[in-house]
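Structure first, then comments.
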Amino acid sequence: MTNRTIRWGEPGCTPGSFGTSRSASRGREPSVSGTATLMADGSATPLAAEEAVGPRRILLVAGEASGDLHGADLVRALRRIVPDLEIVGLGGERLRQAGVRTVADVADVATVGVIEAVGRLGKLARTYFTLARMVRRDRPDLVILIDFPEFNLRLARVANRAGIPVFYYIGPQVWAWRRGRVRTVARTVDALALVFPFEPPLYASQCREAEFVGHPLLDSVGATRSREDTLRLYGLDTERVTVALLPGSRGKEIRYVLPRMLTAAEILERERGCQFALALAETVERSEVEAQVVRSGVQVRLIERDTYNLIHAADLVLVASGTATLETALLERPMVIVYRLSMVSYALARMLVGVKFIGIPNIVRGRQVVPELVQGLATGTRIAAAARSILDDSDTRHRMVRELAEVRSALGSGGAAARAAEMARRLLGAA
């Protein structure tokens with residue numbers, strides 16, 4: 001009789017999206033993958049399990065730019081302790097650089113607000129059904145979900161019903177809105193890695209494993225140059241008061257927030273002689289920002305891919321609500337938070353959101369440590385007045401910096417991705 005060795009993925013096998021076809025539900029013995037001996041009668045004799053089991057397979061879903069960044073750090077940390085991994089899912093360029101094969105791109109599904117989401121329902125639905133089919137058909141050893149709760153909690157239910165363990169990194173912000181989602185998380189998620197210190201008590205009574213791992217931005221936010229070197233690099237005067245503008249990373253933020261910031265900048269330039277630099281996000285059109293700056297008549301230096309050094313070099317930051325407020329806090333720079341939405345989006349947000357503050361530094365401290373100007377209060381005149389109150393009062397400025405240092409301290413000591421990776425490893429071991 002003639003025997004030959006076959007491998008999964010060769011003719012005669014039915015490879016899934018991971019390139020293997022083994023089952024991986026909880027509590028089930030791993031089926032053989034890798035090689036088998038094909039006998040002359042057509043039967044296959046599997047090799048020993050310890051020789052035949054292939055790489056651990058993970059489906060990972062990050063539906064936003066921040067999730068792509070933090071997911072890449074998690075993947076690298078996980079590969080250091082579990083080297084033999086095959087990871088497929090939804091992500092962006094950073095996850096691809098970390099070795100994840102993406103079946104859809106984060107840019108196709110990222111949304112902000114209910115109104116914008118309506119315009120992307122088709123792409124969201126197609127991506128969801130693709131990933132749900134992969135969970136049911138390919139049965140990965142673990143599903144890792146990163147933020148993006150409206151999408152990911154639905155996928156968690158699919159994985160849970162299939163008996164596949166679910167690990168959630170950067171859990172749903174139930175403290176901000178829809179606290180009832182805690183019950184959904186408890187039913188469908190096996191382990192939850194949380195990034196804010198006030199989150200574990202919200203989950204403690206219902207979730208099996210909810211652990212504060214620290215905030216991942218602690219490991220990535222930092223300046224690489226001195227204030228003077230950054231200002232000189234961009235042709236700015238080291239002796240003048242410098243105000244950084246961070247108007248947001250989405251087109252709607254540029255349209256609603258930037259004009260008010262530029263009006264405030266015109267006032268501060270006229271009254272205080274301040275100079276301005278704007279951190280231009282990769283996700284917005286430079287031409288649109290330039291057009292607004294030209295119309296304002298204010299001299300503003302546009303700076304790309306150097307946001308942390310710009311924040312570090314600034315005496316004050318005017319920043320749109322969002323992750324940038326936390327980044328500014330971690331660099332301990334005084335700030336004024338500014339945000340504006342369409343009337344419809346703002347009305348919906350008021351109905352849904354259950355927190356007093358929108359700025360992450362204020363949420364972490366549980367009180368207002370930096371001013372927030374939202375919707376009708378976000379006018380150029382009010383922004384300029386809030387900026388002057390910080391620039392003109394050294395006590396106010398120093399007190400704010402001390403409070404921001406406390407925010408940094410409250411978020412941990414770094415190493416969030418490594419701690420989250422260890423939680424994921426434990427689930428892989430139990431899969």
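So you can find residues: chains in the structure tokens are A, B, ... in the order shown, residues in each start at 1, and ligands are numbered from 1 in order.
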
For A:Arg76, please output as a ChimeraX atom specification all residues within 9 Å (counting only C-alpha atoms; exclusion window: fewer than 2 positions along the same chain). /A:71-74,78-80,98-99,417-418,421

Saved selection, atoms kept: N, CA and C atoms, as a PDB file, in the first residue's frame:
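The file below, result27.pdb, is the result:
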ATOM      1  N   GLY A  71      -5.205  47.696  19.679  1.00  0.00           N
ATOM      2  CA  GLY A  71      -5.225  46.297  19.292  1.00  0.00           C
ATOM      3  C   GLY A  71      -3.864  45.817  18.811  1.00  0.00           C
ATOM      4  N   ALA A  72      -3.156  46.664  18.082  1.00  0.00           N
ATOM      5  CA  ALA A  72      -1.820  46.291  17.605  1.00  0.00           C
ATOM      6  C   ALA A  72      -0.874  46.070  18.778  1.00  0.00           C
ATOM      7  N   ASP A  73      -0.957  46.933  19.787  1.00  0.00           N
ATOM      8  CA  ASP A  73      -0.122  46.746  20.987  1.00  0.00           C
ATOM      9  C   ASP A  73      -0.487  45.441  21.697  1.00  0.00           C
ATOM     10  N   LEU A  74      -1.779  45.141  21.769  1.00  0.00           N
ATOM     11  CA  LEU A  74      -2.225  43.904  22.406  1.00  0.00           C
ATOM     12  C   LEU A  74      -1.718  42.684  21.642  1.00  0.00           C
ATOM     13  N   LEU A  78       0.633  39.787  23.080  1.00  0.00           N
ATOM     14  CA  LEU A  78       0.138  38.410  23.129  1.00  0.00           C
ATOM     15  C   LEU A  78       1.076  37.464  22.395  1.00  0.00           C
ATOM     16  N   ARG A  79       1.626  37.913  21.280  1.00  0.00           N
ATOM     17  CA  ARG A  79       2.550  37.049  20.535  1.00  0.00           C
ATOM     18  C   ARG A  79       3.823  36.767  21.337  1.00  0.00           C
ATOM     19  N   ARG A  80       4.188  37.679  22.234  1.00  0.00           N
ATOM     20  CA  ARG A  80       5.382  37.438  23.048  1.00  0.00           C
ATOM     21  C   ARG A  80       5.188  36.273  24.011  1.00  0.00           C
ATOM     22  N   ALA A  98       1.043  44.566  12.631  1.00  0.00           N
ATOM     23  CA  ALA A  98       1.281  43.630  13.733  1.00  0.00           C
ATOM     24  C   ALA A  98       1.029  42.183  13.334  1.00  0.00           C
ATOM     25  N   GLY A  99       0.684  41.956  12.055  1.00  0.00           N
ATOM     26  CA  GLY A  99       0.532  40.595  11.562  1.00  0.00           C
ATOM     27  C   GLY A  99      -0.885  40.076  11.535  1.00  0.00           C
ATOM     28  N   ALA A 417      -1.360  46.725  27.811  1.00  0.00           N
ATOM     29  CA  ALA A 417      -1.432  45.688  26.782  1.00  0.00           C
ATOM     30  C   ALA A 417      -0.890  44.361  27.300  1.00  0.00           C
ATOM     31  N   ALA A 418       0.195  44.398  28.074  1.00  0.00           N
ATOM     32  CA  ALA A 418       0.767  43.160  28.614  1.00  0.00           C
ATOM     33  C   ALA A 418      -0.188  42.486  29.587  1.00  0.00           C
ATOM     34  N   ALA A 421      -3.005  41.032  27.589  1.00  0.00           N
ATOM     35  CA  ALA A 421      -2.547  39.839  26.867  1.00  0.00           C
ATOM     36  C   ALA A 421      -2.531  38.618  27.782  1.00  0.00           C
TER      37      ALA A 421
END

Pick from A:Ala265, A:Arg154, A:Ile58, A:Met335, whichever lies nearest to A:Thr102 using only C-alpha atoms: A:Ile58

Who sits within 8 Å of A:Tyr128, only C-alpha atoms, same chain under 3 positions skipped, as a list of chain:residue names: A:Leu124, A:Ala125, A:Leu131, A:Ala132, A:Phe151, A:Leu155

Put those residues in a file: N, CA and C atoms, as a PDB file, in the first residue's frame.
ATOM      1  N   LEU A 124     -21.539  48.410   7.499  1.00  0.00           N
ATOM      2  CA  LEU A 124     -21.554  47.808   8.828  1.00  0.00           C
ATOM      3  C   LEU A 124     -22.209  46.435   8.801  1.00  0.00           C
ATOM      4  N   ALA A 125     -23.348  46.328   8.106  1.00  0.00           N
ATOM      5  CA  ALA A 125     -24.072  45.058   8.051  1.00  0.00           C
ATOM      6  C   ALA A 125     -23.258  43.995   7.324  1.00  0.00           C
ATOM      7  N   LEU A 131     -18.093  38.564   9.611  1.00  0.00           N
ATOM      8  CA  LEU A 131     -17.428  38.132  10.842  1.00  0.00           C
ATOM      9  C   LEU A 131     -18.268  37.088  11.585  1.00  0.00           C
ATOM     10  N   ALA A 132     -19.570  37.261  11.604  1.00  0.00           N
ATOM     11  CA  ALA A 132     -20.429  36.276  12.276  1.00  0.00           C
ATOM     12  C   ALA A 132     -20.329  34.910  11.606  1.00  0.00           C
ATOM     13  N   PHE A 151     -21.538  47.317  17.812  1.00  0.00           N
ATOM     14  CA  PHE A 151     -21.205  46.247  16.874  1.00  0.00           C
ATOM     15  C   PHE A 151     -20.709  45.007  17.616  1.00  0.00           C
ATOM     16  N   LEU A 155     -21.720  40.731  18.143  1.00  0.00           N
ATOM     17  CA  LEU A 155     -20.835  39.634  17.752  1.00  0.00           C
ATOM     18  C   LEU A 155     -20.501  38.752  18.957  1.00  0.00           C
TER      19      LEU A 155
END

Residues near A:Pro197, anyone? I mean within 7 Å using only C-alpha atoms, not counting same-chain ones fewer than 3 positions away, as a PDB file with N, CA and C atoms, in the first residue's frame.
ATOM      1  N   PRO A 200     -14.359  48.868  37.187  1.00  0.00           N
ATOM      2  CA  PRO A 200     -14.609  47.535  37.764  1.00  0.00           C
ATOM      3  C   PRO A 200     -15.821  47.446  38.685  1.00  0.00           C
ATOM      4  N   PHE A 212      -9.208  45.921  35.987  1.00  0.00           N
ATOM      5  CA  PHE A 212      -8.601  47.189  35.569  1.00  0.00           C
ATOM      6  C   PHE A 212      -7.153  46.915  35.200  1.00  0.00           C
ATOM      7  N   ALA A 410      -3.937  58.212  38.329  1.00  0.00           N
ATOM      8  CA  ALA A 410      -5.109  57.352  38.533  1.00  0.00           C
ATOM      9  C   ALA A 410      -5.249  56.282  37.459  1.00  0.00           C
ATOM     10  N   LEU A 411      -4.632  56.497  36.307  1.00  0.00           N
ATOM     11  CA  LEU A 411      -4.810  55.587  35.181  1.00  0.00           C
ATOM     12  C   LEU A 411      -3.818  54.435  35.168  1.00  0.00           C
TER      13      LEU A 411
END

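The protein and nucleic acid residues lying at most 10 Å from stretch 189-191 of chain A are A:Val143, A:Ile144, A:Leu145, A:Leu153, A:Ala156, A:Arg157, A:Ala159, A:Asn160, A:Ile164, A:Pro165, A:Val166, A:Phe167, A:Tyr168, A:Tyr169, A:Gly171, A:Thr184, A:Val185, A:Ala186, A:Leu194, A:Cys207, A:Arg208, A:Glu209, A:Ala210, A:Glu211, A:Ala420, A:Met423, A:Ala424, A:Arg426, A:Leu427, with only C-alpha atoms considered and sequence neighbours fewer than 3 positions away removed.
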
Can you pull out every residue within 10 Å of A:Ile337, counting only C-alpha atoms, but drop anything in the same chain fewer than 2 positions away, and send it as a list of chain:residue names?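 Non-adjacent residues within range: A:Leu246, A:Pro247, A:Val317, A:Leu318, A:Val319, A:Ala320, A:Ser321, A:Gly322, A:Ala324, A:Thr325, A:Met335, A:Tyr339, A:Ile358, A:Gly359, A:Ile360, A:Val370, A:Pro371, A:Glu372, A:Leu373, A:Val374, A:Ala378, A:Ile383, A:Ala386.
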
Please save N, CA and C atoms of the selected residues as a PDB file, in the first residue's frame.
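Wrote selection.pdb, looks like this:
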ATOM      1  N   LEU A 246      -6.524  71.537  18.621  1.00  0.00           N
ATOM      2  CA  LEU A 246      -6.823  70.141  18.283  1.00  0.00           C
ATOM      3  C   LEU A 246      -8.315  70.040  18.014  1.00  0.00           C
ATOM      4  N   PRO A 247      -8.729  70.336  16.771  1.00  0.00           N
ATOM      5  CA  PRO A 247     -10.170  70.447  16.481  1.00  0.00           C
ATOM      6  C   PRO A 247     -10.878  69.129  16.232  1.00  0.00           C
ATOM      7  N   VAL A 317      -3.905  74.393  25.338  1.00  0.00           N
ATOM      8  CA  VAL A 317      -4.465  73.604  24.241  1.00  0.00           C
ATOM      9  C   VAL A 317      -5.970  73.834  24.182  1.00  0.00           C
ATOM     10  N   LEU A 318      -6.476  74.162  22.997  1.00  0.00           N
ATOM     11  CA  LEU A 318      -7.914  74.168  22.741  1.00  0.00           C
ATOM     12  C   LEU A 318      -8.220  72.851  22.043  1.00  0.00           C
ATOM     13  N   VAL A 319      -9.009  71.995  22.683  1.00  0.00           N
ATOM     14  CA  VAL A 319      -9.110  70.608  22.230  1.00  0.00           C
ATOM     15  C   VAL A 319     -10.560  70.160  22.134  1.00  0.00           C
ATOM     16  N   ALA A 320     -10.881  69.463  21.050  1.00  0.00           N
ATOM     17  CA  ALA A 320     -12.208  68.878  20.894  1.00  0.00           C
ATOM     18  C   ALA A 320     -12.371  67.696  21.838  1.00  0.00           C
ATOM     19  N   SER A 321     -13.580  67.480  22.312  1.00  0.00           N
ATOM     20  CA  SER A 321     -13.861  66.368  23.211  1.00  0.00           C
ATOM     21  C   SER A 321     -13.505  65.048  22.542  1.00  0.00           C
ATOM     22  N   GLY A 322     -12.942  64.136  23.335  1.00  0.00           N
ATOM     23  CA  GLY A 322     -12.571  62.840  22.804  1.00  0.00           C
ATOM     24  C   GLY A 322     -11.251  62.381  23.396  1.00  0.00           C
ATOM     25  N   ALA A 324      -8.334  62.954  22.524  1.00  0.00           N
ATOM     26  CA  ALA A 324      -7.311  64.003  22.592  1.00  0.00           C
ATOM     27  C   ALA A 324      -7.306  64.706  23.941  1.00  0.00           C
ATOM     28  N   THR A 325      -8.435  64.760  24.628  1.00  0.00           N
ATOM     29  CA  THR A 325      -8.441  65.375  25.959  1.00  0.00           C
ATOM     30  C   THR A 325      -7.623  64.552  26.945  1.00  0.00           C
ATOM     31  N   MET A 335      -5.758  73.074  29.383  1.00  0.00           N
ATOM     32  CA  MET A 335      -6.609  72.966  28.185  1.00  0.00           C
ATOM     33  C   MET A 335      -7.986  73.573  28.420  1.00  0.00           C
ATOM     34  N   TYR A 339     -16.692  71.565  22.238  1.00  0.00           N
ATOM     35  CA  TYR A 339     -17.386  70.614  21.368  1.00  0.00           C
ATOM     36  C   TYR A 339     -18.720  71.183  20.901  1.00  0.00           C
ATOM     37  N   ILE A 358     -18.068  65.828  29.635  1.00  0.00           N
ATOM     38  CA  ILE A 358     -17.713  65.152  28.383  1.00  0.00           C
ATOM     39  C   ILE A 358     -16.210  64.930  28.281  1.00  0.00           C
ATOM     40  N   GLY A 359     -15.417  65.673  29.020  1.00  0.00           N
ATOM     41  CA  GLY A 359     -13.969  65.555  28.961  1.00  0.00           C
ATOM     42  C   GLY A 359     -13.469  64.434  29.853  1.00  0.00           C
ATOM     43  N   ILE A 360     -12.618  63.569  29.315  1.00  0.00           N
ATOM     44  CA  ILE A 360     -12.136  62.426  30.087  1.00  0.00           C
ATOM     45  C   ILE A 360     -11.413  62.858  31.368  1.00  0.00           C
ATOM     46  N   VAL A 370     -10.874  70.997  34.205  1.00  0.00           N
ATOM     47  CA  VAL A 370     -10.607  71.833  33.038  1.00  0.00           C
ATOM     48  C   VAL A 370     -11.949  72.299  32.490  1.00  0.00           C
ATOM     49  N   PRO A 371     -12.016  73.511  31.947  1.00  0.00           N
ATOM     50  CA  PRO A 371     -13.313  74.017  31.470  1.00  0.00           C
ATOM     51  C   PRO A 371     -13.819  73.278  30.246  1.00  0.00           C
ATOM     52  N   GLU A 372     -15.140  73.126  30.177  1.00  0.00           N
ATOM     53  CA  GLU A 372     -15.809  72.515  29.034  1.00  0.00           C
ATOM     54  C   GLU A 372     -16.801  73.519  28.455  1.00  0.00           C
ATOM     55  N   LEU A 373     -16.707  73.754  27.177  1.00  0.00           N
ATOM     56  CA  LEU A 373     -17.639  74.637  26.474  1.00  0.00           C
ATOM     57  C   LEU A 373     -18.304  73.817  25.376  1.00  0.00           C
ATOM     58  N   VAL A 374     -19.592  73.522  25.561  1.00  0.00           N
ATOM     59  CA  VAL A 374     -20.295  72.591  24.688  1.00  0.00           C
ATOM     60  C   VAL A 374     -21.493  73.287  24.050  1.00  0.00           C
ATOM     61  N   ALA A 378     -20.058  77.020  23.191  1.00  0.00           N
ATOM     62  CA  ALA A 378     -18.818  76.923  22.419  1.00  0.00           C
ATOM     63  C   ALA A 378     -18.776  78.029  21.363  1.00  0.00           C
ATOM     64  N   ILE A 383     -14.672  80.887  24.359  1.00  0.00           N
ATOM     65  CA  ILE A 383     -13.428  80.105  24.329  1.00  0.00           C
ATOM     66  C   ILE A 383     -12.243  81.006  24.642  1.00  0.00           C
ATOM     67  N   ALA A 386     -12.176  81.821  28.368  1.00  0.00           N
ATOM     68  CA  ALA A 386     -11.690  80.704  29.175  1.00  0.00           C
ATOM     69  C   ALA A 386     -10.177  80.552  29.034  1.00  0.00           C
TER      70      ALA A 386
END

If you run DSSP on this backbone, which residues of stretch 67-205 of chain A come out as strand (DSSP E), and could you give them as an MDAnalysis selection string? chainID A and resid 85:91 101:105 142:146 166:169 191:194

Just the selected residues (C-alpha atoms), exported as a PDB file, in the first residue's frame, please.
ATOM      1  CA  LEU A  85      -1.021  32.543  16.679  1.00  0.00           C
ATOM      2  CA  GLU A  86      -3.103  33.108  13.585  1.00  0.00           C
ATOM      3  CA  ILE A  87      -5.177  36.293  13.883  1.00  0.00           C
ATOM      4  CA  VAL A  88      -7.856  37.432  11.460  1.00  0.00           C
ATOM      5  CA  GLY A  89     -10.520  40.117  11.695  1.00  0.00           C
ATOM      6  CA  LEU A  90     -11.489  43.761  11.367  1.00  0.00           C
ATOM      7  CA  GLY A  91      -8.809  46.418  11.749  1.00  0.00           C
ATOM      8  CA  ARG A 101      -5.011  39.580   8.364  1.00  0.00           C
ATOM      9  CA  THR A 102      -7.989  41.895   7.963  1.00  0.00           C
ATOM     10  CA  VAL A 103     -11.137  40.925   6.096  1.00  0.00           C
ATOM     11  CA  ALA A 104     -12.494  44.485   6.389  1.00  0.00           C
ATOM     12  CA  ASP A 105     -10.902  47.846   7.137  1.00  0.00           C
ATOM     13  CA  LEU A 142     -10.847  33.014  21.000  1.00  0.00           C
ATOM     14  CA  VAL A 143     -12.728  36.147  19.956  1.00  0.00           C
ATOM     15  CA  ILE A 144     -11.102  39.437  20.994  1.00  0.00           C
ATOM     16  CA  LEU A 145     -13.302  42.538  20.850  1.00  0.00           C
ATOM     17  CA  ILE A 146     -11.915  46.063  21.245  1.00  0.00           C
ATOM     18  CA  VAL A 166     -14.863  36.105  24.312  1.00  0.00           C
ATOM     19  CA  PHE A 167     -12.300  38.592  25.589  1.00  0.00           C
ATOM     20  CA  TYR A 168     -13.250  42.286  25.596  1.00  0.00           C
ATOM     21  CA  TYR A 169     -10.462  44.885  25.726  1.00  0.00           C
ATOM     22  CA  ALA A 191     -13.199  38.324  30.546  1.00  0.00           C
ATOM     23  CA  LEU A 192     -13.192  42.103  30.409  1.00  0.00           C
ATOM     24  CA  ALA A 193     -10.082  44.309  30.490  1.00  0.00           C
ATOM     25  CA  LEU A 194     -11.001  47.804  31.698  1.00  0.00           C
TER      26      LEU A 194
END

Considering only C-alpha atoms, state which residue in the set A:Leu262, A:Ala77, A:Val61, A:Thr323 is at the smallest distance from A:Gly92.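 That would be A:Val61, the residue with the smallest distance to A:Gly92.
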
Show me a table, sorted first by chain and then by increasing residue number, of the residues of stretch 305-340 of chain A having an atom at most 8 Å from stretch 267-289 of chain A, each with its shortest atom pair and the distance in Å to one decimal, counting only C-alpha atoms and written as JSON lines.
{"residue": "A:Arg305", "atom": "CA", "partner": "A:Ala281", "partner_atom": "CA", "distance": 7.5}
{"residue": "A:Asp306", "atom": "CA", "partner": "A:Ala279", "partner_atom": "CA", "distance": 7.4}
{"residue": "A:Thr307", "atom": "CA", "partner": "A:Ala279", "partner_atom": "CA", "distance": 5.6}
{"residue": "A:Leu310", "atom": "CA", "partner": "A:Ala279", "partner_atom": "CA", "distance": 7.4}

Show which residues sit within 7 Å of stretch 366-369 of chain A, as a PyMOL selection string. Count only C-alpha atoms, and ignore same-chain residues fewer than 2 positions away. chain A and resi 362-364+371+400+403
